[in-house]
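Colleague: Below you'll find the structure I mean.
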Amino acid sequence: MIELSGVHKSFGTLEVLHDVTLSVPAGSVTVIIGPSGSGKSTLLRCVNHLEKVDRGRVRVDGELIGYRRAGNKLYELSERHILKQRARIGFVFQTFNLFPHMTALQNVREAGGGIELLEKVGLAEKAASYPRQLSGGQQQRVAIARALARDPKLILFDEPTSALDPELVGEVLDVMRDLARAGTTMVVVTHEIGFAREVADTIVFLDGGRVVEQGPPSAVLDRPQHERTRAFLSKVL
Ligand code: ADP
Ligand code: MG
């Protein structure tokens with residue numbers, strides 16, 4: 001579903017992604033872990049062309065993201081085409097980004113969904129509540145329902161539980177676990193290692209903009225091959 005090949009990204013002289021190659025099969029869950037500043041958010045943002053890659057290619061469902069090919073040249077797509085591609089890629093942020101003046105249901109409807117999506121995230125009874133009347137965990141579940149409303153091919157999650165009080169993390173992870181079980185293609189940046197172990201098909205450890213290692217949880221978490229992975233895990237486990 002997602003293919004990144006040889007992706008490089010710099011901000012000025014700061015190289016943030018170095019030769020990142022990743023493959024995310026349809027229906028699979030990939031969890032990205034790594035220290036702060038290692039390029040995790042930038043990597044997700046490259047998948048939907050919120051950041052333009054300097055080198056390399058991003059494909060989603062076989063389609064080149066952000067560019068079209070003419071002969072052996074690449075041209076950036078028009079804003080309209082980019083928005084069209086982006087519409088089919090769900091993105092859930094650390095901060096929930098709901099419209100404050102709309103109810104939960106209006107937020108979901110605005111994205112083309114309905115009450116059944118609030119049901120899916122266990123919030124049908126909060127349909128008429130405004131974001132300020134919801135807990136952080138509930139707001140994030142509405143944000144997930146919004147992402148689902150566009151019938152996305154995949155959903156990117158950037159630290160979806162990092163802004164939540166600890167007692168609210170579980171309800172959001174439960175919704176994500178249900179999505180994973182239902183076969184949703186997901187890429188999740190998270191420090192929730194227990195969730196990663198249970199739900200991920202693949203864990204990618206990113207450090208200094210490089211994929212240091214990737215593999216199933218049993219390999220990356222239990223038998224890490226690289227000292228940098230071991231050092232990182234010793235801090236978060
Ligand atoms: P992570 O999500 O792993 O914490 P980020 O992808 O957010 O890392 O950032 C990686 C590095 O790129 C950091 O050093 C960050 O300061 C830098 N960075 C991210 N976005 C920008 C930007 N728009 N302009 C300049 N530097 C940026
Ligand atoms: Mg980040």
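Residue numbering restarts at 1 for every chain of the structure tokens, chains are lettered A, B, ... in their displayed order, and ligands are numbered from 1 as they appear.
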Please return as JSON, numbers by chain the residues found within 7 Å of ligand 2, counting only C-alpha atoms and all ligand atoms.
Modeller: {"A": [36, 37, 39, 40, 41, 158]}
Colleague: Would you mind writing down, as a CSV table (one decimal) with C-alpha atoms, in the first residue's frame, each residue of range 25-180 of chain A that DSSP on the backbone assigns to alpha helix (DSSP H)?
Modeller:
```csv
chain,number,residue,atom,x,y,z
A,40,LYS,CA,9.4,10.3,12.4
A,41,SER,CA,6.9,13.1,11.8
A,42,THR,CA,8.7,14.2,8.7
A,43,LEU,CA,8.5,10.7,7.3
A,44,LEU,CA,4.7,10.5,7.8
A,45,ARG,CA,4.4,14.0,6.3
A,46,CYS,CA,6.3,12.9,3.2
A,47,VAL,CA,3.7,10.1,2.7
A,79,GLU,CA,-2.7,21.6,-5.7
A,80,ARG,CA,-6.0,20.1,-6.7
A,81,HIS,CA,-4.5,16.8,-7.5
A,82,ILE,CA,-2.4,16.8,-4.4
A,83,LEU,CA,-5.5,17.5,-2.2
A,84,LYS,CA,-7.3,14.6,-4.0
A,85,GLN,CA,-4.4,12.2,-3.2
A,86,ARG,CA,-4.3,13.5,0.4
A,87,ALA,CA,-8.0,13.0,0.9
A,104,ALA,CA,-18.7,15.7,17.3
A,105,LEU,CA,-21.2,14.6,14.7
A,106,GLN,CA,-20.8,17.8,12.7
A,107,ASN,CA,-17.0,17.3,12.7
A,108,VAL,CA,-17.5,13.8,11.3
A,109,ARG,CA,-20.2,14.9,8.8
A,110,GLU,CA,-17.9,17.7,7.6
A,115,ILE,CA,-23.2,8.6,13.2
A,116,GLU,CA,-22.1,5.1,12.3
A,117,LEU,CA,-18.5,6.2,12.6
A,118,LEU,CA,-19.1,7.7,16.0
A,119,GLU,CA,-20.6,4.3,16.9
A,120,LYS,CA,-17.5,2.7,15.6
A,136,GLY,CA,-8.9,14.4,25.3
A,137,GLY,CA,-9.4,10.7,24.7
A,138,GLN,CA,-12.9,11.3,23.3
A,139,GLN,CA,-11.7,14.1,21.1
A,140,GLN,CA,-9.0,11.9,19.7
A,141,ARG,CA,-11.6,9.2,19.0
A,142,VAL,CA,-13.7,11.8,17.1
A,143,ALA,CA,-10.6,12.7,15.2
A,144,ILE,CA,-10.2,9.0,14.2
A,145,ALA,CA,-13.9,8.9,13.1
A,146,ARG,CA,-13.2,12.0,11.0
A,147,ALA,CA,-10.2,10.3,9.4
A,148,LEU,CA,-12.3,7.2,8.6
A,149,ALA,CA,-15.1,9.4,7.1
A,166,PRO,CA,-2.4,8.4,31.1
A,167,GLU,CA,-5.8,7.1,32.0
A,168,LEU,CA,-7.2,8.2,28.6
A,169,VAL,CA,-4.5,6.5,26.5
A,170,GLY,CA,-6.2,3.0,26.7
A,171,GLU,CA,-9.5,4.0,25.1
A,172,VAL,CA,-7.7,5.5,22.0
A,173,LEU,CA,-5.4,2.5,21.7
A,174,ASP,CA,-8.5,0.2,21.9
A,175,VAL,CA,-10.1,2.0,18.9
A,176,MET,CA,-6.8,1.7,17.0
A,177,ARG,CA,-6.6,-2.0,17.9
A,178,ASP,CA,-10.1,-2.5,16.5
A,179,LEU,CA,-9.1,-0.8,13.3
A,180,ALA,CA,-6.0,-3.0,13.0
```
Colleague: Would you return as number ranges by chain the members of range 21-228 of chain A that DSSP assigns to strand (DSSP E) on this structure's backbone?
Modeller: A: 21-24, 29-33, 55-60, 63-64, 67-70, 73-76, 89-92, 154-158, 186-189, 202-207, 210-215
Colleague: For a quick check of understanding, using only C-alpha atoms, which of A:Thr21, A:Gln214, A:Ser28, A:Thr13 has the smallest distance to Val199 in chain A?
Modeller: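 Looking at the shortest contact to Val199 in chain A, the residue is A:Ser28.
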Colleague: Chain A near ligand 1 within 12 Å: what's each residue's closest atom pair and its distance in Å to one decimal, counting only C-alpha atoms and all ligand atoms, ordered by chain then ascending residue number, as a Markdown table?
Modeller:
```
| residue | atom | partner | partner_atom_place_in_ligand_line | distance |
| --- | --- | --- | --- | --- |
| A:Lys9 | CA | ligand 1 | 12 (O) | 9.1 |
| A:Ser10 | CA | ligand 1 | 12 (O) | 7.7 |
| A:Phe11 | CA | ligand 1 | 25 (C) | 4.9 |
| A:Gly12 | CA | ligand 1 | 25 (C) | 7.2 |
| A:Thr13 | CA | ligand 1 | 25 (C) | 9.4 |
| A:Leu14 | CA | ligand 1 | 12 (O) | 7.1 |
| A:Glu15 | CA | ligand 1 | 12 (O) | 7.6 |
| A:Val16 | CA | ligand 1 | 12 (O) | 5.2 |
| A:Leu17 | CA | ligand 1 | 10 (C) | 8.0 |
| A:His18 | CA | ligand 1 | 10 (C) | 11.3 |
| A:Ile32 | CA | ligand 1 | 3 (O) | 9.2 |
| A:Ile33 | CA | ligand 1 | 3 (O) | 8.2 |
| A:Gly34 | CA | ligand 1 | 3 (O) | 6.4 |
| A:Pro35 | CA | ligand 1 | 3 (O) | 6.1 |
| A:Ser36 | CA | ligand 1 | 4 (O) | 3.7 |
| A:Gly37 | CA | ligand 1 | 8 (O) | 3.5 |
| A:Ser38 | CA | ligand 1 | 3 (O) | 3.9 |
| A:Gly39 | CA | ligand 1 | 6 (O) | 3.3 |
| A:Lys40 | CA | ligand 1 | 3 (O) | 3.7 |
| A:Ser41 | CA | ligand 1 | 2 (O) | 3.7 |
| A:Thr42 | CA | ligand 1 | 6 (O) | 3.7 |
| A:Leu43 | CA | ligand 1 | 6 (O) | 6.4 |
| A:Leu44 | CA | ligand 1 | 6 (O) | 8.2 |
| A:Arg45 | CA | ligand 1 | 6 (O) | 8.3 |
| A:Cys46 | CA | ligand 1 | 6 (O) | 9.8 |
| A:Leu50 | CA | ligand 1 | 23 (N) | 9.9 |
| A:Glu51 | CA | ligand 1 | 23 (N) | 8.1 |
| A:Lys52 | CA | ligand 1 | 23 (N) | 10.7 |
| A:Phe93 | CA | ligand 1 | 2 (O) | 11.3 |
| A:Gln94 | CA | ligand 1 | 2 (O) | 10.7 |
| A:Phe157 | CA | ligand 1 | 2 (O) | 11.4 |
| A:Asp158 | CA | ligand 1 | 2 (O) | 7.9 |
| A:Glu159 | CA | ligand 1 | 2 (O) | 8.6 |
| A:Ser162 | CA | ligand 1 | 2 (O) | 11.9 |
| A:Val188 | CA | ligand 1 | 2 (O) | 11.5 |
| A:Val189 | CA | ligand 1 | 2 (O) | 8.1 |
| A:Thr190 | CA | ligand 1 | 2 (O) | 9.9 |
| A:His191 | CA | ligand 1 | 3 (O) | 11.0 |
| A:Phe205 | CA | ligand 1 | 3 (O) | 10.4 |
| A:Leu206 | CA | ligand 1 | 3 (O) | 7.8 |
| A:Asp207 | CA | ligand 1 | 3 (O) | 8.1 |
| A:Gly208 | CA | ligand 1 | 10 (C) | 8.2 |
| A:Gly209 | CA | ligand 1 | 10 (C) | 7.5 |
| A:Arg210 | CA | ligand 1 | 3 (O) | 10.8 |
| A:Val211 | CA | ligand 1 | 3 (O) | 11.8 |
```
Colleague: Kindly give the distance, in Å, that separates CA of Leu156 in chain A and CA of Val60 in chain A, rounded to a single decimal.
Modeller: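 CA of Leu156 in chain A sits 12.2 Å away from CA of Val60 in chain A.
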Colleague: Do you know which residues are at most 6 Å from Asp19 in chain A counting only C-alpha atoms, after dropping those on the same chain fewer than 3 positions away, and could you put them as a list in words?
Modeller: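 These residues fall inside the cut-off: Gly6, Val7 and His8 of chain A.
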